[in-house]
>>> print(open('my_file-v4.tsv').read())   # TSV, C-alpha atoms
chain	number	residue	atom	x	y	z
A	1	MET	CA	-72.01	46.52	221.51
A	2	VAL	CA	-74.60	46.60	218.72
A	3	LEU	CA	-71.96	47.62	216.17
A	4	ILE	CA	-69.73	44.73	217.22
A	5	GLU	CA	-72.62	42.29	216.78
A	6	VAL	CA	-73.36	43.71	213.32
A	7	VAL	CA	-69.72	43.51	212.24
A	8	GLU	CA	-69.62	39.88	213.34
A	9	ARG	CA	-72.43	39.18	210.89
A	10	ILE	CA	-70.23	40.25	207.98
A	11	PRO	CA	-68.92	36.99	206.51
A	12	ARG	CA	-65.24	36.17	206.35
A	13	ASN	CA	-64.08	37.36	202.94
A	14	GLY	CA	-61.04	38.13	200.82
A	15	LEU	CA	-59.71	38.63	197.29
A	16	LEU	CA	-58.32	35.94	195.05
A	17	ARG	CA	-57.01	36.20	191.51
A	18	ARG	CA	-58.47	33.68	189.08
A	19	ARG	CA	-57.53	33.68	185.38
A	20	GLY	CA	-56.18	37.20	185.73
A	21	ILE	CA	-59.42	38.62	187.20
A	22	TYR	CA	-59.77	39.44	190.90
A	23	HIS	CA	-62.71	37.71	192.58
A	24	LEU	CA	-64.26	38.43	195.95
A	25	TYR	CA	-64.99	35.34	198.03
A	26	TRP	CA	-66.77	34.92	201.33
A	27	TRP	CA	-68.13	32.11	203.46
A	28	GLU	CA	-71.88	31.85	203.92
A	29	ARG	CA	-73.81	28.93	205.39
A	30	GLY	CA	-70.73	26.74	205.20
A	31	ARG	CA	-70.16	27.42	201.50
A	32	ARG	CA	-67.55	29.55	199.83
A	33	CYS	CA	-69.23	32.03	197.49
A	34	TRP	CA	-67.61	33.86	194.60
A	35	LEU	CA	-68.28	37.19	192.93
A	36	SER	CA	-66.21	38.63	190.10
A	37	THR	CA	-64.94	42.21	190.45
A	38	GLY	CA	-64.37	42.43	186.71
A	39	THR	CA	-60.93	44.05	187.02
A	40	ARG	CA	-57.34	42.92	186.74
A	41	GLU	CA	-55.95	45.70	188.97
A	42	LYS	CA	-55.64	44.93	192.66
A	43	ARG	CA	-56.19	48.54	193.72
A	44	LEU	CA	-59.56	48.72	191.96
A	45	ALA	CA	-60.48	45.31	193.34
A	46	GLU	CA	-59.77	46.47	196.90
A	47	LEU	CA	-61.98	49.52	196.37
A	48	TRP	CA	-64.69	47.25	195.02
A	49	GLN	CA	-64.34	44.99	198.08
A	50	ARG	CA	-64.53	47.95	200.45
A	51	SER	CA	-67.71	49.19	198.77
A	52	TRP	CA	-69.24	45.72	199.01
A	53	LEU	CA	-68.41	45.49	202.73
A	54	GLU	CA	-69.97	48.89	203.37
A	55	GLU	CA	-73.18	47.79	201.67
A	56	ARG	CA	-73.29	44.61	203.75
A	57	LEU	CA	-72.67	46.61	206.92
A	58	ILE	CA	-75.40	49.15	206.17
A	59	ALA	CA	-77.81	46.38	205.21
A	60	SER	CA	-77.15	44.58	208.49
A	61	ILE	CA	-77.62	47.74	210.55
A	62	ARG	CA	-80.94	48.52	208.94
A	63	GLY	CA	-82.03	44.92	209.32
A	64	ARG	CA	-82.81	44.26	205.66
A	65	GLU	CA	-81.48	42.10	202.84
A	66	ILE	CA	-78.60	42.98	200.55
A	67	SER	CA	-81.03	44.20	197.93
A	68	GLY	CA	-82.00	47.11	200.14
A	69	SER	CA	-85.75	46.41	200.00
A	70	GLY	CA	-87.91	44.55	202.44
A	71	LYS	CA	-90.03	42.89	199.74
A	72	PRO	CA	-88.25	39.99	197.98
A	73	ILE	CA	-88.19	40.17	194.22
A	74	SER	CA	-90.02	37.48	192.25
A	75	LEU	CA	-88.71	35.33	189.43
A	76	GLY	CA	-90.91	37.11	186.88
A	77	GLU	CA	-89.73	40.57	187.95
A	78	MET	CA	-86.12	39.46	187.81
A	79	TYR	CA	-86.65	38.13	184.30
A	80	GLN	CA	-88.06	41.48	183.17
A	81	ARG	CA	-84.91	43.24	184.37
A	82	TYR	CA	-82.72	40.54	182.86
A	83	ALA	CA	-84.53	40.80	179.50
A	84	GLU	CA	-84.04	44.57	179.41
A	85	VAL	CA	-80.35	44.62	180.41
A	86	CYS	CA	-78.70	41.31	179.48
A	87	LEU	CA	-80.60	39.77	176.57
A	88	PRO	CA	-79.92	42.64	174.11
A	89	GLN	CA	-76.18	41.96	174.54
A	90	LYS	CA	-76.52	38.41	173.18
A	91	ALA	CA	-76.69	37.22	169.59
A	92	ALA	CA	-79.94	37.68	167.71
A	93	THR	CA	-80.64	33.95	167.46
A	94	THR	CA	-79.96	33.49	171.18
A	95	GLN	CA	-82.38	36.30	172.03
A	96	VAL	CA	-85.15	34.74	169.96
A	97	ASP	CA	-84.50	31.31	171.48
A	98	GLU	CA	-84.48	32.49	175.11
A	99	ARG	CA	-87.50	34.78	174.72
A	100	GLY	CA	-89.41	31.82	173.35
A	101	ARG	CA	-88.41	29.50	176.21
A	102	TRP	CA	-88.85	31.82	179.19
A	103	PRO	CA	-92.70	32.04	179.14
A	104	ARG	CA	-92.94	28.26	179.51
A	105	ILE	CA	-90.30	28.23	182.26
A	106	LEU	CA	-92.07	30.98	184.21
A	107	LYS	CA	-95.42	29.21	183.82
A	108	ARG	CA	-94.06	25.90	185.11
A	109	ILE	CA	-91.91	27.19	187.95
A	110	GLY	CA	-94.09	30.18	188.84
A	111	ALA	CA	-93.49	33.81	187.90
A	112	ALA	CA	-94.63	35.01	191.35
A	113	LEU	CA	-92.22	32.69	193.17
A	114	PRO	CA	-89.55	34.61	195.12
A	115	LEU	CA	-85.96	34.12	194.02
A	116	THR	CA	-85.15	32.39	197.29
A	117	GLY	CA	-87.98	29.93	196.56
A	118	VAL	CA	-86.25	28.64	193.43
A	119	THR	CA	-84.60	25.76	195.27
A	120	ARG	CA	-82.98	22.58	194.10
A	121	ALA	CA	-86.21	20.65	194.70
A	122	VAL	CA	-88.14	23.06	192.45
A	123	LEU	CA	-85.63	22.69	189.63
A	124	GLU	CA	-85.58	18.89	189.99
A	125	ARG	CA	-89.36	18.79	189.78
A	126	TYR	CA	-89.31	20.96	186.65
A	127	ARG	CA	-86.64	18.72	185.12
A	128	ALA	CA	-88.63	15.57	185.86
A	129	GLU	CA	-91.76	17.05	184.23
A	130	ARG	CA	-89.86	17.98	181.08
A	131	LEU	CA	-88.31	14.54	180.83
A	132	ARG	CA	-91.72	12.88	181.18
A	133	GLU	CA	-92.90	14.99	178.23
A	134	GLY	CA	-90.22	13.40	176.08
A	135	VAL	CA	-87.86	16.38	175.98
A	136	GLY	CA	-84.20	15.44	175.51
A	137	PRO	CA	-81.53	15.92	178.19
A	138	ARG	CA	-79.76	18.55	176.11
A	139	THR	CA	-82.83	20.81	176.02
A	140	VAL	CA	-83.53	20.30	179.72
A	141	ASN	CA	-79.96	21.23	180.62
A	142	LEU	CA	-80.28	24.34	178.48
A	143	GLU	CA	-83.45	25.50	180.25
A	144	ILE	CA	-82.09	24.76	183.73
A	145	GLY	CA	-78.92	26.64	182.78
A	146	MET	CA	-80.99	29.68	181.78
A	147	VAL	CA	-82.61	29.74	185.22
A	148	LEU	CA	-79.27	29.37	187.01
A	149	THR	CA	-77.78	32.17	184.89
A	150	LEU	CA	-80.66	34.41	185.92
A	151	LEU	CA	-80.10	33.59	189.60
A	152	ARG	CA	-76.35	34.29	189.32
A	153	ARG	CA	-77.16	37.66	187.82
A	154	ALA	CA	-79.49	38.30	190.75
A	155	VAL	CA	-76.58	37.63	193.12
A	156	GLU	CA	-74.39	40.10	191.22
A	157	TRP	CA	-77.14	42.72	191.41
A	158	GLY	CA	-77.63	42.08	195.11
A	159	GLU	CA	-81.16	40.70	194.85
A	160	MET	CA	-80.36	37.45	196.66
A	161	ALA	CA	-77.58	35.93	198.73
A	162	ALA	CA	-75.03	33.69	197.04
A	163	GLY	CA	-75.69	31.01	199.65
A	164	ASP	CA	-79.24	30.64	198.30
A	165	LEU	CA	-78.08	29.56	194.85
A	166	PRO	CA	-79.22	25.99	194.13
A	167	VAL	CA	-76.64	23.43	193.05
A	168	LEU	CA	-77.80	20.97	190.42
A	169	ARG	CA	-75.78	18.59	188.28
A	170	LYS	CA	-76.41	18.38	184.56
A	171	LEU	CA	-78.02	15.40	182.94
A	172	ARG	CA	-75.81	13.19	180.81
A	173	GLU	CA	-76.45	14.10	177.20
A	174	LYS	CA	-76.48	11.66	174.33
A	175	ARG	CA	-73.45	12.08	172.13
A	176	ARG	CA	-74.17	13.07	168.56
A	177	ASP	CA	-72.29	10.71	166.29
A	178	ARG	CA	-71.24	12.85	163.37
A	179	PRO	CA	-69.14	11.34	160.60
A	180	PRO	CA	-65.72	13.02	160.52
A	181	LEU	CA	-64.96	15.38	157.67
A	182	ALA	CA	-62.55	14.06	155.09
A	183	PRO	CA	-60.05	16.36	153.33
A	184	ALA	CA	-62.05	16.06	150.10
A	185	ASP	CA	-65.20	17.17	151.96
A	186	VAL	CA	-63.42	20.25	153.29
A	187	VAL	CA	-62.21	21.22	149.80
A	188	ARG	CA	-65.74	20.93	148.42
A	189	LEU	CA	-67.12	22.84	151.39
A	190	VAL	CA	-64.68	25.74	150.93
A	191	GLU	CA	-65.54	26.02	147.24
A	192	ALA	CA	-69.30	25.87	147.83
A	193	ALA	CA	-69.13	28.37	150.72
A	194	GLY	CA	-67.10	30.75	148.55
A	195	GLU	CA	-69.82	30.62	145.90
A	196	HIS	CA	-72.40	31.44	148.58
A	197	HIS	CA	-70.36	34.44	149.80
A	198	PRO	CA	-66.61	35.16	149.68
A	199	THR	CA	-66.48	36.00	153.39
A	200	LEU	CA	-68.07	32.68	154.32
A	201	GLY	CA	-65.66	30.75	152.10
A	202	ALA	CA	-62.63	32.54	153.56
A	203	ALA	CA	-63.87	31.98	157.13
A	204	VAL	CA	-64.42	28.26	156.51
A	205	GLU	CA	-60.93	27.85	155.06
A	206	PHE	CA	-59.39	29.83	157.92
A	207	ALA	CA	-61.15	27.62	160.49
A	208	ALA	CA	-59.97	24.46	158.72
A	209	LEU	CA	-56.36	25.69	158.49
A	210	THR	CA	-56.06	26.92	162.09
A	211	GLY	CA	-58.62	24.94	164.12
A	212	CYS	CA	-60.00	28.14	165.65
A	213	ARG	CA	-63.42	28.27	167.25
A	214	ARG	CA	-66.26	30.14	165.59
A	215	SER	CA	-66.01	33.06	168.03
A	216	GLU	CA	-62.24	33.25	167.51
A	217	VAL	CA	-62.67	33.41	163.74
A	218	PHE	CA	-65.22	36.22	163.70
A	219	ASN	CA	-63.62	38.17	166.57
A	220	LEU	CA	-60.25	38.29	164.78
A	221	CYS	CA	-59.18	41.90	164.09
A	222	TRP	CA	-56.55	43.22	161.72
A	223	ARG	CA	-54.52	44.63	164.60
A	224	ASP	CA	-53.89	41.03	165.71
A	225	VAL	CA	-52.59	39.96	162.27
A	226	ASP	CA	-48.92	40.56	161.44
A	227	LEU	CA	-48.26	39.54	157.84
A	228	THR	CA	-44.63	40.64	158.04
A	229	ALA	CA	-43.79	38.45	161.03
A	230	GLY	CA	-46.18	35.73	159.89
A	231	ARG	CA	-48.16	35.57	163.12
A	232	VAL	CA	-51.81	35.65	164.17
A	233	VAL	CA	-52.75	36.38	167.79
A	234	ILE	CA	-56.04	34.95	169.08
A	235	ARG	CA	-57.36	37.32	171.74
A	236	ASN	CA	-59.76	36.49	174.57
A	237	PRO	CA	-60.45	32.84	173.67
A	238	LYS	CA	-62.64	30.47	175.63
A	239	ASN	CA	-59.96	29.66	178.21
A	240	LYS	CA	-59.01	33.37	178.60
A	241	ARG	CA	-55.43	32.70	177.49
A	242	ASP	CA	-54.26	34.49	174.36
A	243	ARG	CA	-52.25	32.37	171.94
A	244	ALA	CA	-50.17	33.09	168.85
A	245	LEU	CA	-50.33	31.01	165.66
A	246	ALA	CA	-47.64	30.90	162.99
A	247	MET	CA	-48.85	31.43	159.44
A	248	SER	CA	-48.48	28.76	156.82
A	249	GLY	CA	-47.97	29.73	153.23
A	250	ARG	CA	-51.59	29.13	152.31
A	251	LEU	CA	-52.83	30.99	155.38
A	252	ARG	CA	-50.72	34.04	154.48
A	253	ASP	CA	-52.09	34.03	150.93
A	254	LEU	CA	-55.64	33.74	152.28
A	255	LEU	CA	-55.24	36.71	154.62
A	256	MET	CA	-53.61	38.81	151.91
A	257	GLN	CA	-56.50	37.97	149.62
A	258	VAL	CA	-59.07	38.88	152.27
A	259	GLY	CA	-57.23	42.01	153.46
A	260	THR	CA	-57.79	44.15	150.40
A	261	ASP	CA	-59.82	46.58	152.54
A	262	ARG	CA	-58.02	47.24	155.83
A	263	SER	CA	-60.38	50.08	156.80
A	264	LEU	CA	-62.70	47.53	158.43
A	265	GLU	CA	-61.91	46.38	161.95
A	266	PHE	CA	-62.61	42.67	161.56
A	267	VAL	CA	-60.82	40.26	159.24
A	268	PHE	CA	-64.09	38.51	158.34
A	269	PRO	CA	-66.66	41.34	158.52
A	270	SER	CA	-70.40	41.12	158.12
A	271	PRO	CA	-71.51	41.46	154.49
A	272	ARG	CA	-74.33	43.80	155.53
A	273	THR	CA	-72.94	46.06	158.25
A	274	GLY	CA	-69.19	45.69	157.89
A	275	GLY	CA	-68.97	44.96	161.64
A	276	ARG	CA	-68.82	41.69	163.48
A	277	VAL	CA	-70.63	38.73	161.96
A	278	VAL	CA	-73.70	37.91	164.04
A	279	ASN	CA	-74.51	34.48	162.66
A	280	PHE	CA	-73.22	32.45	159.71
A	281	ASP	CA	-74.44	29.12	161.10
A	282	ARG	CA	-77.46	28.86	158.85
A	283	ALA	CA	-75.44	29.62	155.72
A	284	LEU	CA	-72.87	26.96	156.65
A	285	ARG	CA	-75.56	24.41	157.44
A	286	GLU	CA	-77.34	25.02	154.16
A	287	THR	CA	-74.06	24.75	152.27
A	288	GLY	CA	-73.34	21.42	153.95
A	289	ASN	CA	-76.85	20.15	153.19
A	290	GLY	CA	-76.34	20.96	149.53
A	291	LEU	CA	-73.19	18.83	149.50
A	292	GLY	CA	-74.79	15.99	151.45
A	293	ILE	CA	-72.77	16.74	154.60
A	294	ARG	CA	-75.20	16.85	157.48
A	295	PRO	CA	-75.43	17.83	160.23
A	296	LEU	CA	-72.61	20.35	159.86
A	297	GLY	CA	-71.35	22.95	162.33
A	298	TRP	CA	-68.32	25.17	162.80
A	299	HIS	CA	-66.89	22.85	165.42
A	300	ASP	CA	-66.64	20.06	162.83
A	301	LEU	CA	-63.90	22.08	161.13
A	302	ARG	CA	-62.07	22.25	164.46
A	303	ARG	CA	-62.31	18.47	164.84
A	304	PHE	CA	-61.05	18.04	161.28
A	305	PHE	CA	-58.00	20.17	162.09
A	306	ALA	CA	-57.23	18.20	165.25
A	307	ARG	CA	-57.52	14.79	163.55
A	308	THR	CA	-55.45	15.91	160.57
A	309	VAL	CA	-52.63	17.30	162.70
A	310	ALA	CA	-52.64	14.21	164.95
A	311	SER	CA	-52.53	11.85	161.95
A	312	MET	CA	-49.25	13.47	160.85
A	313	GLY	CA	-47.55	12.33	164.06
A	314	THR	CA	-47.60	15.69	165.83
A	315	SER	CA	-46.91	15.70	169.56
A	316	PRO	CA	-50.08	15.83	171.71
A	317	PHE	CA	-48.65	18.79	173.61
A	318	ALA	CA	-48.05	20.71	170.38
A	319	LEU	CA	-51.63	19.95	169.32
A	320	LYS	CA	-52.85	21.12	172.74
A	321	ALA	CA	-51.09	24.47	172.23
A	322	LEU	CA	-52.51	24.86	168.71
A	323	MET	CA	-56.04	24.08	169.87
A	324	GLY	CA	-55.80	26.43	172.86
A	325	HIS	CA	-56.78	23.85	175.48
A	326	ARG	CA	-55.92	24.09	179.17
A	327	GLU	CA	-55.83	20.32	179.74
A	328	ILE	CA	-54.43	17.56	177.55
A	329	SER	CA	-57.49	15.45	178.34
A	330	THR	CA	-59.63	17.92	176.38
A	331	THR	CA	-57.39	17.55	173.35
A	332	GLU	CA	-57.72	13.77	173.48
A	333	ARG	CA	-61.45	14.03	172.81
A	334	TYR	CA	-60.76	15.57	169.42
A	335	VAL	CA	-58.17	13.03	168.30
A	336	GLU	CA	-60.24	10.37	166.58
A	337	PRO	CA	-58.41	8.34	163.92
A	338	TYR	CA	-59.67	8.14	160.36
A	339	GLU	CA	-61.01	4.87	158.97
A	340	THR	CA	-57.97	4.56	156.69
A	341	GLU	CA	-55.69	4.67	159.74
A	342	LYS	CA	-57.72	1.94	161.44
A	343	VAL	CA	-57.55	-0.26	158.35
A	344	SER	CA	-53.81	0.38	158.04
A	345	ALA	CA	-53.28	-0.63	161.68
A	346	LEU	CA	-55.20	-3.88	161.16
A	347	GLU	CA	-53.17	-4.66	158.05
A	348	LYS	CA	-49.96	-4.16	160.03
A	349	VAL	CA	-51.16	-6.66	162.64
A	350	VAL	CA	-51.84	-9.22	159.90
A	351	GLN	CA	-48.42	-8.58	158.41
A	352	VAL	CA	-46.66	-9.08	161.75
A	353	ILE	CA	-48.54	-12.35	162.35
A	354	ARG	CA	-47.57	-13.66	158.92
A	355	GLU	CA	-43.91	-12.81	159.50
A	356	ASN	CA	-43.91	-14.58	162.84
A	357	VAL	CA	-45.58	-17.63	161.35
A	358	LEU	CA	-42.72	-17.91	158.85
A	359	ILE	CA	-40.02	-17.30	161.46
A	360	TRP	CA	-41.13	-19.44	164.36
A	361	PRO	CA	-41.02	-22.85	162.64
A	362	GLY	CA	-37.35	-22.30	161.77
A	363	ARG	CA	-36.56	-21.37	165.33
A	364	ARG	CA	-38.32	-24.46	166.57
A	365	ALA	CA	-36.23	-26.57	164.21
A	366	GLN	CA	-33.03	-24.99	165.47
A	367	SER	CA	-34.01	-25.51	169.06
A	368	GLY	CA	-34.83	-29.13	168.28
A	369	ALA	CA	-31.44	-29.66	166.66
A	370	LYS	CA	-29.66	-28.31	169.69
A	371	ARG	CA	-31.53	-30.70	171.93
A	372	LYS	CA	-30.39	-33.67	169.85
>>> encode(input="my_file-v4.tsv", output="structure tokens")
Amino acid sequence: MVLIEVVERIPRNGLLRRRGIYHLYWWERGRRCWLSTGTREKRLAELWQRSWLEERLIASIRGREISGSGKPISLGEMYQRYAEVCLPQKAATTQVDERGRWPRILKRIGAALPLTGVTRAVLERYRAERLREGVGPRTVNLEIGMVLTLLRRAVEWGEMAAGDLPVLRKLREKRRDRPPLAPADVVRLVEAAGEHHPTLGAAVEFAALTGCRRSEVFNLCWRDVDLTAGRVVIRNPKNKRDRALAMSGRLRDLLMQVGTDRSLEFVFPSPRTGGRVVNFDRALRETGNGLGIRPLGWHDLRRFFARTVASMGTSPFALKALMGHREISTTERYVEPYETEKVSALEKVVQVIRENVLIWPGRRAQSGAKRK
């Protein structure tokens, strides 16, 4: 009888495939909770699910939480584990940024606060305090996102139940109005970046010619480049869908120029280590500042590619495939016409009005003659 009661406490669960990865889902407190198994094979996912159910069953029999300890872990203790395991896997600039923000977050929210005590009300109070200090919505969303990422990791490690995760909507951020890059600006930028370092110049030109994201550019390996077939395969992009790009003549020449040393794994390797580039953002920003193009980021080259392709009359669906977007609505955000196109459209309107002004009086005269 006791075993039946314990089994009934195990939530209704199952496996579901999302973006090629099997996820375990279960219902808890009226909410459907998700947990990634990290595998694409159903057999391994079923073993993972069985192990998870056994842990829940044992935890229920012993009358303790999923974590296996009677004492709940605090936010400060969870951050120490997170800083030891997860932060070293991030980029160097991200590590410095998060390590500088976390002491203030722990001081405001409370390092001794249990994980289950980090509720929606606590996060809303922290957000209101930061906004009163004059901090922008973008920074506040970043700090709240860091806390939610830590809590999601706690769920994966079994330190808290998924039903205790707070749900909080992001603040609306002010859009940064950046002037679009003109073709002449891109040519100057490629030349200046090449003078700074050949790898940076080649990476900037590759991003402008293909519209790839920064991570896609620096994660590109030689095994994904086929110069004979004229094809480049972008692996593991943001939307988890690999895509193939056909090479243009200039892109083929660029890759042949860069690929003098095929012993390295990456197409655009780090100048220091020969491995993956950690951060070229500062070099690009300084190059743009020297040319009077500010503020400048890698995503500006992606916007330049989208606007240029759209201005040539390319189908929106073809542009969507080139950009690697899942929804056409995302592609529409990038398609912003140039000022020359706007002026040309206005001139066409004036031309049509003038033509109609010359035509309509004649038609009126004809219609008047017919009436007589």
>>> closest_residue(input="my_file-v4.tsv", among="A:His325, A:Arg153, A:Arg40, A:His197", to="Leu87 (chain A)", atoms="only C-alpha atoms")
A:Arg153
>>> closest_residue(input="my_file-v4.tsv", among="A:Gly38, A:Gly324, A:Gly158, A:Pro103", to="Thr210 (chain A)", atoms="all atoms listed in the file")
A:Gly324
>>> closest_residue(input="my_file-v4.tsv", among="A:Leu113, A:Leu142, A:Val187, A:Ala154", to="Thr94 (chain A)", atoms="all atoms listed in the file")
A:Leu142
>>> residues_around(input="my_file-v4.tsv", residues="Ser248 (chain A)", least_positions_apart="4", cutoff="9 Å", atoms="all atoms listed in the file", output="VMD selection string")
chain A and resid 209 230 252 to 253
>>> residues_around(input="my_file-v4.tsv", residues="region 294-308 of chain A", least_positions_apart="3", cutoff="10 Å", atoms="only C-alpha atoms", output="JSON, numbers by chain")
{"A": [176, 177, 178, 179, 180, 181, 182, 183, 186, 203, 204, 205, 206, 207, 208, 209, 210, 211, 212, 213, 214, 215, 280, 281, 282, 284, 285, 286, 287, 288, 289, 290, 291, 311, 312, 313, 314, 316, 319, 320, 322, 323, 331, 332, 333, 334, 335, 336, 337, 338]}
>>> write_last_selection(input="my_file-v4.tsv", atoms="C-alpha atoms", output="PDB file, in the coordinates of the input")
ATOM      1  CA  ARG A 176     -74.170  13.070 168.560  1.00  0.00           C
ATOM      2  CA  ASP A 177     -72.290  10.710 166.290  1.00  0.00           C
ATOM      3  CA  ARG A 178     -71.240  12.850 163.370  1.00  0.00           C
ATOM      4  CA  PRO A 179     -69.140  11.340 160.600  1.00  0.00           C
ATOM      5  CA  PRO A 180     -65.720  13.020 160.520  1.00  0.00           C
ATOM      6  CA  LEU A 181     -64.960  15.380 157.670  1.00  0.00           C
ATOM      7  CA  ALA A 182     -62.550  14.060 155.090  1.00  0.00           C
ATOM      8  CA  PRO A 183     -60.050  16.360 153.330  1.00  0.00           C
ATOM      9  CA  VAL A 186     -63.420  20.250 153.290  1.00  0.00           C
ATOM     10  CA  ALA A 203     -63.870  31.980 157.130  1.00  0.00           C
ATOM     11  CA  VAL A 204     -64.420  28.260 156.510  1.00  0.00           C
ATOM     12  CA  GLU A 205     -60.930  27.850 155.060  1.00  0.00           C
ATOM     13  CA  PHE A 206     -59.390  29.830 157.920  1.00  0.00           C
ATOM     14  CA  ALA A 207     -61.150  27.620 160.490  1.00  0.00           C
ATOM     15  CA  ALA A 208     -59.970  24.460 158.720  1.00  0.00           C
ATOM     16  CA  LEU A 209     -56.360  25.690 158.490  1.00  0.00           C
ATOM     17  CA  THR A 210     -56.060  26.920 162.090  1.00  0.00           C
ATOM     18  CA  GLY A 211     -58.620  24.940 164.120  1.00  0.00           C
ATOM     19  CA  CYS A 212     -60.000  28.140 165.650  1.00  0.00           C
ATOM     20  CA  ARG A 213     -63.420  28.270 167.250  1.00  0.00           C
ATOM     21  CA  ARG A 214     -66.260  30.140 165.590  1.00  0.00           C
ATOM     22  CA  SER A 215     -66.010  33.060 168.030  1.00  0.00           C
ATOM     23  CA  PHE A 280     -73.220  32.450 159.710  1.00  0.00           C
ATOM     24  CA  ASP A 281     -74.440  29.120 161.100  1.00  0.00           C
ATOM     25  CA  ARG A 282     -77.460  28.860 158.850  1.00  0.00           C
ATOM     26  CA  LEU A 284     -72.870  26.960 156.650  1.00  0.00           C
ATOM     27  CA  ARG A 285     -75.560  24.410 157.440  1.00  0.00           C
ATOM     28  CA  GLU A 286     -77.340  25.020 154.160  1.00  0.00           C
ATOM     29  CA  THR A 287     -74.060  24.750 152.270  1.00  0.00           C
ATOM     30  CA  GLY A 288     -73.340  21.420 153.950  1.00  0.00           C
ATOM     31  CA  ASN A 289     -76.850  20.150 153.190  1.00  0.00           C
ATOM     32  CA  GLY A 290     -76.340  20.960 149.530  1.00  0.00           C
ATOM     33  CA  LEU A 291     -73.190  18.830 149.500  1.00  0.00           C
ATOM     34  CA  SER A 311     -52.530  11.850 161.950  1.00  0.00           C
ATOM     35  CA  MET A 312     -49.250  13.470 160.850  1.00  0.00           C
ATOM     36  CA  GLY A 313     -47.550  12.330 164.060  1.00  0.00           C
ATOM     37  CA  THR A 314     -47.600  15.690 165.830  1.00  0.00           C
ATOM     38  CA  PRO A 316     -50.080  15.830 171.710  1.00  0.00           C
ATOM     39  CA  LEU A 319     -51.630  19.950 169.320  1.00  0.00           C
ATOM     40  CA  LYS A 320     -52.850  21.120 172.740  1.00  0.00           C
ATOM     41  CA  LEU A 322     -52.510  24.860 168.710  1.00  0.00           C
ATOM     42  CA  MET A 323     -56.040  24.080 169.870  1.00  0.00           C
ATOM     43  CA  THR A 331     -57.390  17.550 173.350  1.00  0.00           C
ATOM     44  CA  GLU A 332     -57.720  13.770 173.480  1.00  0.00           C
ATOM     45  CA  ARG A 333     -61.450  14.030 172.810  1.00  0.00           C
ATOM     46  CA  TYR A 334     -60.760  15.570 169.420  1.00  0.00           C
ATOM     47  CA  VAL A 335     -58.170  13.030 168.300  1.00  0.00           C
ATOM     48  CA  GLU A 336     -60.240  10.370 166.580  1.00  0.00           C
ATOM     49  CA  PRO A 337     -58.410   8.340 163.920  1.00  0.00           C
ATOM     50  CA  TYR A 338     -59.670   8.140 160.360  1.00  0.00           C
TER      51      TYR A 338
END
>>> atom_distance(input="my_file-v4.tsv", atom1="CA of Pro88 (chain A)", atom2="CA of Gly110 (chain A)")
23.9 Å
>>> atom_distance(input="my_file-v4.tsv", atom1="CA of Thr37 (chain A)", atom2="CA of Gln49 (chain A)")
8.1 Å
>>> atom_distance(input="my_file-v4.tsv", atom1="CA of Pro72 (chain A)", atom2="CA of Pro114 (chain A)")
6.2 Å
>>> closest_residue(input="my_file-v4.tsv", among="A:Ile109, A:Gly100, A:Val232, A:Ile293", to="Ala244 (chain A)", atoms="all atoms listed in the file")
A:Val232
>>> residues_around(input="my_file-v4.tsv", residues="Trp222 (chain A)", least_positions_apart="3", cutoff="7 Å", atoms="only C-alpha atoms", output="MDAnalysis selection string")
chainID A and resid 225 265:267
